[in-house]
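work-v5.txt (compact mmCIF, C-alpha atoms) appears below.
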# COMPACT_ATOMS: atom_id res chain seq x y z
CA MET A 1 -1.78 -17.07 31.85
CA HIS A 2 -4.47 -14.78 33.15
CA ARG A 3 -3.07 -11.86 31.13
CA PHE A 4 -3.08 -13.95 27.96
CA ARG A 5 -6.72 -14.89 28.39
CA GLN A 6 -7.62 -11.25 29.05
CA HIS A 7 -5.77 -10.27 25.91
CA LEU A 8 -7.71 -12.78 23.79
CA GLU A 9 -11.03 -11.93 25.44
CA GLU A 10 -10.67 -8.30 24.45
CA ILE A 11 -11.74 -9.59 21.03
CA ILE A 12 -13.26 -13.08 21.40
CA SER A 13 -15.09 -15.00 24.13
CA LEU A 14 -13.68 -18.33 25.24
CA THR A 15 -14.82 -21.19 27.44
CA ASP A 16 -12.27 -22.51 29.96
CA GLU A 17 -11.80 -25.57 27.78
CA GLU A 18 -11.21 -23.56 24.61
CA PHE A 19 -8.68 -21.38 26.40
CA GLU A 20 -6.82 -24.44 27.71
CA GLN A 21 -6.63 -25.89 24.22
CA ILE A 22 -5.58 -22.61 22.60
CA GLN A 23 -2.93 -22.00 25.23
CA SER A 24 -1.39 -25.39 24.47
CA PHE A 25 -0.29 -24.13 21.05
CA PHE A 26 1.95 -21.50 22.63
CA VAL A 27 5.33 -21.91 24.31
CA TYR A 28 6.20 -19.74 27.31
CA LYS A 29 9.73 -18.30 27.18
CA LYS A 30 11.81 -15.93 29.32
CA TYR A 31 14.69 -13.81 28.08
CA LYS A 32 17.14 -11.44 29.73
CA LYS A 33 17.67 -7.80 28.86
CA HIS A 34 20.00 -7.45 25.82
CA GLN A 35 19.27 -10.99 24.57
CA VAL A 36 18.68 -11.19 20.83
CA ILE A 37 15.74 -13.50 20.12
CA LEU A 38 15.88 -13.18 16.33
CA GLU A 39 19.13 -12.55 14.45
CA GLU A 40 19.18 -10.91 11.03
CA GLY A 41 19.68 -13.69 8.47
CA ASP A 42 18.00 -16.41 10.55
CA LEU A 43 14.63 -17.95 9.77
CA ALA A 44 11.83 -16.19 11.63
CA LYS A 45 10.17 -19.36 12.85
CA ASN A 46 8.01 -17.81 15.57
CA GLU A 47 5.90 -14.84 16.35
CA TYR A 48 5.89 -13.59 19.92
CA LEU A 49 3.20 -12.16 22.16
CA VAL A 50 4.82 -10.05 24.89
CA LEU A 51 3.54 -10.88 28.39
CA SER A 52 5.99 -8.58 30.17
CA GLY A 53 9.00 -6.47 29.29
CA LEU A 54 9.97 -4.64 26.12
CA LEU A 55 11.58 -5.57 22.79
CA LYS A 56 12.54 -3.82 19.59
CA SER A 57 12.75 -5.01 15.99
CA SER A 58 15.25 -3.16 13.87
CA PHE A 59 17.01 -3.07 10.54
CA THR A 60 20.70 -2.23 10.23
CA ASP A 61 21.60 -0.56 6.93
CA ALA A 62 24.77 -0.94 4.85
CA ASP A 63 26.41 1.90 6.81
CA GLY A 64 25.74 0.12 10.10
CA LYS A 65 23.02 2.55 11.12
CA GLU A 66 20.11 1.08 13.05
CA HIS A 67 16.49 1.86 12.11
CA ILE A 68 13.75 0.73 14.47
CA LEU A 69 10.62 -0.70 12.94
CA GLN A 70 8.77 -1.56 16.14
CA PHE A 71 8.82 -1.45 19.90
CA ALA A 72 6.74 -4.18 21.54
CA TRP A 73 5.64 -4.41 25.16
CA GLU A 74 2.80 -6.05 27.06
CA ASN A 75 0.12 -7.39 24.66
CA TRP A 76 2.03 -6.54 21.48
CA TRP A 77 2.91 -9.16 18.88
CA ILE A 78 6.29 -9.09 17.18
CA THR A 79 8.41 -10.91 14.64
CA ASP A 80 9.84 -10.25 11.17
CA TYR A 81 6.43 -10.85 9.59
CA ASN A 82 7.66 -10.83 6.02
CA ALA A 83 10.19 -13.56 6.83
CA PHE A 84 7.71 -15.40 9.08
CA TRP A 85 4.98 -15.72 6.43
CA LYS A 86 7.34 -16.47 3.55
CA ARG A 87 9.69 -18.73 5.55
CA GLU A 88 12.53 -16.49 4.46
CA ASN A 89 15.61 -15.26 6.26
CA SER A 90 14.93 -12.30 8.48
CA ILE A 91 16.19 -8.84 7.55
CA LEU A 92 15.28 -7.61 11.04
CA SER A 93 16.76 -8.48 14.38
CA ILE A 94 14.73 -8.52 17.58
CA GLU A 95 16.36 -7.68 20.90
CA CYS A 96 15.11 -7.48 24.47
CA LEU A 97 15.35 -3.97 25.97
CA GLU A 98 14.19 -5.31 29.35
CA ASP A 99 13.83 -8.78 30.88
CA VAL A 100 11.04 -10.31 28.85
CA GLU A 101 8.36 -13.00 29.07
CA VAL A 102 6.70 -14.02 25.81
CA LEU A 103 4.40 -16.63 24.38
CA SER A 104 5.95 -18.02 21.22
CA LEU A 105 3.91 -19.44 18.33
CA SER A 106 5.46 -21.20 15.32
CA LEU A 107 3.96 -20.82 11.84
CA GLU A 108 3.05 -24.52 11.82
CA ASP A 109 1.23 -24.22 15.14
CA LYS A 110 -0.42 -20.98 14.06
CA THR A 111 -1.71 -22.69 10.92
CA ARG A 112 -3.15 -25.55 13.00
CA LEU A 113 -4.54 -23.08 15.54
CA HIS A 114 -6.36 -21.19 12.77
CA ALA A 115 -7.74 -24.41 11.30
CA GLU A 116 -9.01 -25.70 14.64
CA PHE A 117 -10.28 -22.45 16.16
CA ARG A 118 -12.18 -20.14 13.87
CA LYS A 119 -12.32 -17.74 16.82
CA MET A 120 -8.55 -17.42 16.69
CA GLU A 121 -8.70 -16.66 12.98
CA GLN A 122 -11.15 -13.91 13.85
CA PHE A 123 -8.86 -12.71 16.63
CA PHE A 124 -5.88 -12.49 14.29
CA LEU A 125 -7.96 -10.83 11.57
CA LYS A 126 -8.91 -8.04 13.97
CA LYS A 127 -5.32 -7.73 15.15
CA SER A 128 -4.01 -7.63 11.61
CA ASN A 129 -6.55 -5.01 10.56
CA ALA A 130 -5.63 -2.89 13.57
CA GLY A 131 -1.93 -3.32 12.81
CA TYR A 132 -2.51 -2.27 9.20
CA VAL A 133 -4.28 0.90 10.33
CA GLY A 134 -1.48 1.65 12.80
CA LEU A 135 1.13 1.36 10.07
CA GLN A 136 -0.91 3.55 7.71
CA LYS A 137 -0.86 6.21 10.43
CA ARG A 138 2.89 5.80 10.81
CA VAL A 139 3.47 6.17 7.05
CA LEU A 140 1.29 9.29 6.99
CA SER A 141 3.15 10.68 9.97
CA LEU A 142 6.52 10.06 8.27
CA LEU A 143 5.28 11.72 5.07
CA THR A 144 3.49 14.62 6.70
CA ASN A 145 5.01 15.64 9.97
CA SER A 146 8.16 17.38 11.07
CA ALA A 147 10.50 15.56 13.46
CA GLU A 148 9.06 17.69 16.25
CA LYS A 149 5.48 16.74 15.49
CA ARG A 150 6.38 13.04 15.16
CA PHE A 151 8.06 13.12 18.54
CA GLU A 152 5.09 14.85 20.18
CA GLN A 153 2.64 12.38 18.64
CA LEU A 154 4.68 9.41 19.76
CA ILE A 155 4.96 10.60 23.35
CA ALA A 156 1.27 11.56 23.47
CA THR A 157 0.34 8.04 22.26
CA TYR A 158 2.87 6.16 24.40
CA PRO A 159 3.77 8.33 27.42
CA GLN A 160 5.72 5.49 29.04
CA LEU A 161 8.12 5.33 26.10
CA LEU A 162 10.43 8.07 27.40
CA GLN A 163 10.78 6.22 30.70
CA ARG A 164 11.45 2.83 29.18
CA VAL A 165 13.46 3.51 26.02
CA PRO A 166 16.79 5.32 25.60
CA LYS A 167 16.59 8.52 23.51
CA LYS A 168 18.92 7.11 20.93
CA LEU A 169 16.44 4.35 20.14
CA ILE A 170 13.47 6.72 20.01
CA ALA A 171 15.44 8.73 17.45
CA ALA A 172 16.06 5.53 15.42
CA TYR A 173 12.31 4.85 15.51
CA LEU A 174 11.33 8.35 14.43
CA GLY A 175 13.95 8.62 11.72
CA VAL A 176 15.62 11.68 13.25
CA SER A 177 19.11 12.26 14.55
CA ARG A 178 19.97 11.86 18.23
CA GLU A 179 20.84 15.58 18.29
CA THR A 180 17.46 16.61 16.89
CA LEU A 181 15.70 14.44 19.45
CA SER A 182 17.72 15.90 22.33
CA ARG A 183 16.74 19.36 21.22
CA LEU A 184 13.07 18.35 20.98
CA SER A 185 12.90 16.59 24.31
CA GLY A 186 14.72 19.40 26.06
CA LYS A 187 17.73 17.41 27.24
CA MET B 1 -16.99 -10.92 -12.76
CA HIS B 2 -14.43 -13.35 -14.05
CA ARG B 3 -11.57 -11.18 -12.75
CA PHE B 4 -13.15 -11.02 -9.31
CA ARG B 5 -13.40 -14.78 -9.07
CA GLN B 6 -9.79 -15.15 -10.21
CA HIS B 7 -8.75 -12.65 -7.56
CA LEU B 8 -10.52 -14.60 -4.81
CA GLU B 9 -9.27 -17.95 -6.09
CA GLU B 10 -5.67 -16.81 -5.79
CA ILE B 11 -6.24 -17.48 -2.08
CA ILE B 12 -9.37 -19.62 -1.63
CA SER B 13 -11.26 -22.21 -3.73
CA LEU B 14 -14.92 -21.60 -4.44
CA THR B 15 -17.77 -23.56 -5.95
CA ASP B 16 -19.91 -21.76 -8.53
CA GLU B 17 -22.67 -21.47 -5.96
CA GLU B 18 -20.38 -20.02 -3.30
CA PHE B 19 -19.03 -17.48 -5.75
CA GLU B 20 -22.54 -16.42 -6.77
CA GLN B 21 -23.50 -15.89 -3.14
CA ILE B 22 -20.30 -14.04 -2.26
CA GLN B 23 -20.60 -11.82 -5.29
CA SER B 24 -24.09 -10.77 -4.21
CA PHE B 25 -22.59 -8.92 -1.22
CA PHE B 26 -20.72 -6.54 -3.53
CA VAL B 27 -22.03 -3.62 -5.58
CA TYR B 28 -20.50 -2.91 -8.97
CA LYS B 29 -19.78 0.79 -9.59
CA LYS B 30 -18.19 2.86 -12.36
CA TYR B 31 -16.53 6.24 -11.91
CA LYS B 32 -14.96 8.74 -14.27
CA LYS B 33 -11.40 10.04 -14.12
CA HIS B 34 -11.11 12.86 -11.52
CA GLN B 35 -14.23 11.77 -9.60
CA VAL B 36 -13.77 11.78 -5.84
CA ILE B 37 -15.32 8.64 -4.35
CA LEU B 38 -14.50 9.48 -0.72
CA GLU B 39 -14.28 13.05 0.54
CA GLU B 40 -12.23 13.97 3.58
CA GLY B 41 -14.66 14.41 6.47
CA ASP B 42 -17.25 11.95 5.15
CA LEU B 43 -17.97 8.55 6.65
CA ALA B 44 -15.97 5.82 4.92
CA LYS B 45 -18.90 3.46 4.50
CA ASN B 46 -17.34 1.17 1.90
CA GLU B 47 -14.15 -0.51 0.93
CA TYR B 48 -13.44 -0.89 -2.77
CA LEU B 49 -11.83 -3.62 -4.83
CA VAL B 50 -10.49 -2.15 -8.06
CA LEU B 51 -11.53 -4.13 -11.17
CA SER B 52 -10.04 -1.66 -13.64
CA GLY B 53 -8.46 1.78 -13.55
CA LEU B 54 -6.43 3.58 -10.90
CA LEU B 55 -7.20 5.54 -7.73
CA LYS B 56 -5.24 7.30 -5.03
CA SER B 57 -5.92 7.91 -1.36
CA SER B 58 -4.32 11.02 0.06
CA PHE B 59 -4.11 13.31 3.05
CA THR B 60 -3.99 17.08 2.69
CA ASP B 61 -2.09 18.81 5.49
CA ALA B 62 -2.78 22.18 7.15
CA ASP B 63 -0.62 23.92 4.54
CA GLY B 64 -2.69 22.43 1.70
CA LYS B 65 0.06 20.02 0.69
CA GLU B 66 -1.07 16.61 -0.54
CA HIS B 67 0.55 13.39 0.75
CA ILE B 68 -0.34 10.14 -0.98
CA LEU B 69 -0.90 7.10 1.20
CA GLN B 70 -1.80 4.63 -1.52
CA PHE B 71 -2.23 4.06 -5.22
CA ALA B 72 -4.71 1.29 -6.08
CA TRP B 73 -5.22 -0.44 -9.41
CA GLU B 74 -6.53 -3.80 -10.58
CA ASN B 75 -6.96 -6.23 -7.65
CA TRP B 76 -6.07 -3.69 -4.96
CA TRP B 77 -8.40 -2.85 -2.09
CA ILE B 78 -8.77 0.73 -0.92
CA THR B 79 -10.60 2.91 1.58
CA ASP B 80 -9.74 5.00 4.65
CA TYR B 81 -9.44 1.84 6.76
CA ASN B 82 -9.17 3.65 10.08
CA ALA B 83 -12.42 5.49 9.38
CA PHE B 84 -14.03 2.39 7.85
CA TRP B 85 -13.43 0.14 10.87
CA LYS B 86 -14.22 2.77 13.47
CA ARG B 87 -17.16 4.32 11.58
CA GLU B 88 -15.40 7.66 11.87
CA ASN B 89 -15.07 10.56 9.49
CA SER B 90 -12.37 10.04 6.92
CA ILE B 91 -9.13 12.02 7.06
CA LEU B 92 -8.24 10.76 3.58
CA SER B 93 -9.85 11.49 0.26
CA ILE B 94 -9.95 8.97 -2.58
CA GLU B 95 -9.91 10.13 -6.19
CA CYS B 96 -9.97 8.36 -9.54
CA LEU B 97 -6.83 8.95 -11.62
CA GLU B 98 -8.38 7.02 -14.53
CA ASP B 99 -11.88 5.80 -15.39
CA VAL B 100 -12.53 3.17 -12.75
CA GLU B 101 -14.63 0.06 -12.14
CA VAL B 102 -14.85 -1.16 -8.56
CA LEU B 103 -16.70 -3.61 -6.39
CA SER B 104 -17.94 -1.83 -3.30
CA LEU B 105 -18.50 -3.55 0.06
CA SER B 106 -20.08 -1.85 3.06
CA LEU B 107 -18.95 -2.65 6.60
CA GLU B 108 -22.36 -4.17 7.36
CA ASP B 109 -22.15 -6.46 4.33
CA LYS B 110 -18.54 -7.31 5.07
CA THR B 111 -19.51 -8.32 8.60
CA ARG B 112 -22.28 -10.57 7.25
CA LEU B 113 -19.97 -11.92 4.57
CA HIS B 114 -17.39 -12.89 7.20
CA ALA B 115 -20.03 -14.56 9.36
CA GLU B 116 -21.51 -16.56 6.51
CA PHE B 117 -18.32 -17.49 4.66
CA ARG B 118 -15.37 -18.55 6.75
CA LYS B 119 -13.42 -18.76 3.49
CA MET B 120 -13.86 -15.02 3.03
CA GLU B 121 -12.56 -14.40 6.54
CA GLN B 122 -9.52 -16.45 5.57
CA PHE B 123 -9.21 -14.49 2.34
CA PHE B 124 -9.26 -11.17 4.16
CA LEU B 125 -6.85 -12.43 6.83
CA LYS B 126 -4.29 -13.28 4.15
CA LYS B 127 -4.87 -9.94 2.44
CA SER B 128 -4.53 -8.07 5.70
CA ASN B 129 -1.34 -9.89 6.64
CA ALA B 130 0.13 -9.12 3.20
CA GLY B 131 -0.93 -5.49 3.50
CA TYR B 132 0.71 -5.27 6.94
CA VAL B 133 3.98 -6.61 5.56
CA GLY B 134 3.81 -4.20 2.62
CA LEU B 135 3.39 -1.26 4.98
CA GLN B 136 6.26 -2.45 7.19
CA LYS B 137 8.45 -2.40 4.08
CA ARG B 138 7.26 1.11 3.25
CA VAL B 139 8.03 2.37 6.79
CA LEU B 140 11.50 0.81 6.62
CA SER B 141 12.06 2.35 3.20
CA LEU B 142 11.03 5.80 4.50
CA LEU B 143 13.33 5.43 7.52
CA THR B 144 16.26 3.92 5.70
CA ASN B 145 16.50 5.01 2.10
CA SER B 146 17.40 8.18 0.28
CA ALA B 147 14.84 9.74 -2.07
CA GLU B 148 16.81 8.24 -4.97
CA LYS B 149 16.68 4.72 -3.55
CA ARG B 150 12.98 5.02 -2.71
CA PHE B 151 12.23 6.08 -6.26
CA GLU B 152 14.28 3.22 -7.75
CA GLN B 153 12.59 0.67 -5.47
CA LEU B 154 9.13 1.95 -6.35
CA ILE B 155 9.73 1.81 -10.10
CA ALA B 156 11.37 -1.61 -9.86
CA THR B 157 8.33 -2.91 -7.96
CA TYR B 158 5.69 -1.15 -10.09
CA PRO B 159 7.20 -0.41 -13.52
CA GLN B 160 3.82 0.73 -14.91
CA LEU B 161 3.60 3.52 -12.33
CA LEU B 162 5.62 6.02 -14.38
CA GLN B 163 3.28 5.48 -17.34
CA ARG B 164 0.08 5.80 -15.36
CA VAL B 165 0.79 8.39 -12.68
CA PRO B 166 1.94 12.02 -13.04
CA LYS B 167 5.38 12.72 -11.53
CA LYS B 168 3.91 15.19 -9.09
CA LEU B 169 1.84 12.41 -7.50
CA ILE B 170 4.74 9.98 -7.36
CA ALA B 171 6.67 12.67 -5.48
CA ALA B 172 3.73 13.06 -3.07
CA TYR B 173 3.79 9.29 -2.48
CA LEU B 174 7.54 9.12 -1.89
CA GLY B 175 7.66 12.17 0.34
CA VAL B 176 10.08 14.07 -1.92
CA SER B 177 9.76 17.35 -3.78
CA ARG B 178 8.70 17.47 -7.42
CA GLU B 179 12.13 18.95 -8.23
CA THR B 180 13.99 16.08 -6.58
CA LEU B 181 11.89 13.58 -8.46
CA SER B 182 12.47 15.29 -11.81
CA ARG B 183 16.20 15.14 -11.19
CA LEU B 184 15.98 11.44 -10.26
CA SER B 185 13.84 10.41 -13.18
CA GLY B 186 15.96 12.41 -15.62
CA LYS B 187 13.23 14.77 -16.85
Show me, as structure tokens, the structure contained in the file I just sent.
Amino acid sequence: MHRFRQHLEEIISLTDEEFEQIQSFFVYKKYKKHQVILEEGDLAKNEYLVLSGLLKSSFTDADGKEHILQFAWENWWITDYNAFWKRENSILSIECLEDVEVLSLSLEDKTRLHAEFRKMEQFFLKKSNAGYVGLQKRVLSLLTNSAEKRFEQLIATYPQLLQRVPKKLIAAYLGVSRETLSRLSGK
Amino acid sequence: MHRFRQHLEEIISLTDEEFEQIQSFFVYKKYKKHQVILEEGDLAKNEYLVLSGLLKSSFTDADGKEHILQFAWENWWITDYNAFWKRENSILSIECLEDVEVLSLSLEDKTRLHAEFRKMEQFFLKKSNAGYVGLQKRVLSLLTNSAEKRFEQLIATYPQLLQRVPKKLIAAYLGVSRETLSRLSGK
């Protein structure tokens, strides 16, 4: 749990006792590569903090084409947030691209956690603000940049992505064809 | 200030005294149509809650083409959030598309407001979470949908947009050409 405490203490300071109590709200889970931890159409009961490994959340359109909303690895949070907050059925599915360890937090436990630990509310406020800014950048990038520029930006920001994620999935994240991406990445 | 209190009380409950104190953190400002309230390159010192009127935030690329990140009208919050949080120079500019009344909140005052009123932290957490979900939907729409579908979705969600915003700007928000939009909207 050392990594989890480090992750929290990037934003808030905790006593040992506070950390123990906060930790007790989370459930540790392990999944294998290719396991689907949230199916489209199911309730998104939990959000997940990734301790190790890599996941993707994606939307499959009416033609069966996959579009990737998010990759999540160490210290990223992931779920279908729209479904999570509204207790609705998920339109996304979340799949493990590697063996994965996560901490899982249900909406009920998150609500109690917020009520009991103002620090955790502050933690999630900072995370949410940062996530909002990240998505604004992504929208601007989709509006503004060519496929080539989007690819370059992505790899500059996350150099490990090319090693960890198949090209086909990077293309589905960038909104470009597999062929375009192959041309751009020189393979 | 009645509208402001209503806006806050959609999420939190306030006593008269609390509302008076909270209100004192904000500065009421009026701007005329076409006024630019944040210039690209300036520090984004404030965020703005729109009381009346309509604004846009946009990014102008190296070729001089404008891309619209956000429209904001009554009860929407707007600034260059990346610049605001990081105290960096703005890459966006924000312009009034109508005469506008806003409540302005500086980062310093927001920080004090959070510290003194946990309720306001909770308010902004809910707003931020909702904004995050809204942007996830926009990313998915940009990845998934045709120009035609994006236009239909936008007008279904915000029917007043066509009345209040010139077509050229709607095209710059959707990431389509003015010609495509004219074809889609039948004019």
Any idea what the distance is between atom CA of Thr111 of chain A and atom CA of Tyr132 of chain B?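 According to the coordinates, atom CA of Thr111 of chain A and atom CA of Tyr132 of chain B are separated by 18.0 Å.
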Have a look at A:Glu148, A:Glu17, A:Glu88, A:Asp61 and name the one nearest to chain B; count all atoms listed in the file. A:Asp61
Separation of atom CA of His67 of chain A from atom CA of Leu143 of chain B in Å: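 Spanning atom CA of Leu143 of chain B to atom CA of His67 of chain A is a straight-line distance of 6.6 Å.
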Separation of atom CA of Trp85 of chain B from atom CA of Arg112 of chain A in Å: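 These atoms are spaced 27.8 Å apart.
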Nearest to Gln23 of chain B by atom-to-atom distance, counting all atoms listed in the file, from B:Leu154, B:Ala171, B:Leu135, B:Leu8: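 Of the candidates, the smallest distance to Gln23 of chain B is held by B:Leu8.
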Counting all atoms listed in the file, which of B:Pro166, B:Gly41, B:Gly134, B:Gly186 gets nearest to chain A?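 Smallest distance to chain A is found for B:Gly134.
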With all atoms listed in the file as the atoms that count, which of A:Leu92, A:Leu184, A:Leu105, A:Ala156 lies nearest to chain B?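 For chain B, the nearest of the given residues is A:Leu92.
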Residues around (-4.4, -11.8, -1.0), cut-off 10 Å, counting only C-alpha atoms - what are they as a list in words? His7, Leu8, Glu9, Glu10, Ile11, Ile12, Asn75, Trp76, Trp77, Gln122, Phe123, Phe124, Leu125, Lys126, Lys127, Ser128, Asn129, Ala130 and Gly131 of chain B
Starting from 3 Å padding per side, set up an axis-aligned box that covers all listed atoms of segment 121-128 of chain B and hand over centre and edge lengths in Å, one decimal, as AutoDock Vina command-line options.
--center_x -8.4 --center_y -12.3 --center_z 4.6 --size_x 14.3 --size_y 14.4 --size_z 10.5
Pick the closest to Ser182 of chain A from A:Ala147, A:Ile22, A:Ala83, A:Ala115: which is it, counting all atoms listed in the file? A:Ala147
For Leu38 of chain A, work out the shell of residues within 7 Å, counting only C-alpha atoms and skipping chain neighbours fewer than 5 positions away, then give it as a list of chain:residue names.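 Here the qualifying residues turn out to be A:Ala44, A:Ser93, A:Ile94.
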Export of the given selection (C-alpha atoms) as a PDB file, in the frame of the given file:
ATOM      1  CA  ALA A  44      11.830 -16.190  11.630  1.00  0.00           C
ATOM      2  CA  SER A  93      16.760  -8.480  14.380  1.00  0.00           C
ATOM      3  CA  ILE A  94      14.730  -8.520  17.580  1.00  0.00           C
TER       4      ILE A  94
END
Looking at A:Ser13, A:Ser177, A:Ser104, A:Gln35, which one is nearest to chain B, with distances taken over only C-alpha atoms?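 Between A:Ser13, A:Ser177, A:Ser104, A:Gln35, the residue approaching chain B most closely is A:Ser177.
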Tell me, as a ChimeraX atom specification, which residues lie within 12 Å of Leu161 of chain A, counting only C-alpha atoms; anything in the same chain fewer than 2 positions away does not count. /A:54-55,71-73,97,151-159,163-167,169-171,173
List the neighbours of Leu69 of chain A out to 8 Å using all atoms listed in the file; skip same-chain residues closer than 5 positions along the sequence, and give me the result as a ChimeraX atom specification. /A:56-59,173 /B:136,139-140
Residue rebuild result segment 167-174 of chain A, all heavy atoms as a compact mmCIF listing (two decimals), in the frame of the given file:
# COMPACT_ATOMS: atom_id res chain seq x y z
N LYS A 167 16.84 7.51 24.55
CA LYS A 167 16.59 8.52 23.51
C LYS A 167 17.12 8.11 22.15
O LYS A 167 16.49 8.36 21.13
CB LYS A 167 17.30 9.83 23.90
CG LYS A 167 16.70 10.56 25.04
CD LYS A 167 15.66 11.55 24.57
CE LYS A 167 14.98 12.18 25.76
NZ LYS A 167 15.96 12.85 26.66
N LYS A 168 18.29 7.50 22.19
CA LYS A 168 18.92 7.11 20.93
C LYS A 168 18.02 6.17 20.12
O LYS A 168 17.94 6.25 18.89
CB LYS A 168 20.25 6.39 21.27
CG LYS A 168 21.11 6.06 20.11
CD LYS A 168 22.33 5.26 20.58
CE LYS A 168 22.80 4.33 19.49
NZ LYS A 168 23.66 3.26 20.01
N LEU A 169 17.31 5.30 20.83
CA LEU A 169 16.44 4.35 20.14
C LEU A 169 15.15 5.02 19.68
O LEU A 169 14.60 4.67 18.63
CB LEU A 169 16.13 3.16 21.06
CG LEU A 169 17.35 2.34 21.49
CD1 LEU A 169 16.92 1.15 22.35
CD2 LEU A 169 18.14 1.84 20.28
N ILE A 170 14.66 5.97 20.46
CA ILE A 170 13.47 6.72 20.01
C ILE A 170 13.80 7.48 18.72
O ILE A 170 13.01 7.52 17.78
CB ILE A 170 12.97 7.68 21.11
CG1 ILE A 170 12.47 6.85 22.31
CG2 ILE A 170 11.85 8.57 20.60
CD1 ILE A 170 11.92 7.68 23.45
N ALA A 171 15.00 8.04 18.67
CA ALA A 171 15.44 8.73 17.45
C ALA A 171 15.48 7.76 16.26
O ALA A 171 15.05 8.10 15.15
CB ALA A 171 16.82 9.36 17.67
N ALA A 172 15.96 6.53 16.50
CA ALA A 172 16.06 5.53 15.42
C ALA A 172 14.68 5.04 14.99
O ALA A 172 14.51 4.52 13.90
CB ALA A 172 16.92 4.35 15.86
N TYR A 173 13.69 5.19 15.86
CA TYR A 173 12.31 4.85 15.51
C TYR A 173 11.66 5.97 14.70
O TYR A 173 10.92 5.73 13.75
CB TYR A 173 11.50 4.58 16.79
CG TYR A 173 10.04 4.28 16.56
CD1 TYR A 173 9.58 2.97 16.36
CD2 TYR A 173 9.08 5.30 16.55
CE1 TYR A 173 8.24 2.69 16.16
CE2 TYR A 173 7.73 5.03 16.34
CZ TYR A 173 7.32 3.72 16.15
OH TYR A 173 5.99 3.45 15.94
N LEU A 174 11.96 7.20 15.08
CA LEU A 174 11.33 8.35 14.43
C LEU A 174 12.00 8.74 13.12
O LEU A 174 11.44 9.49 12.33
CB LEU A 174 11.35 9.56 15.37
CG LEU A 174 10.44 9.49 16.59
CD1 LEU A 174 10.72 10.66 17.51
CD2 LEU A 174 8.97 9.48 16.19
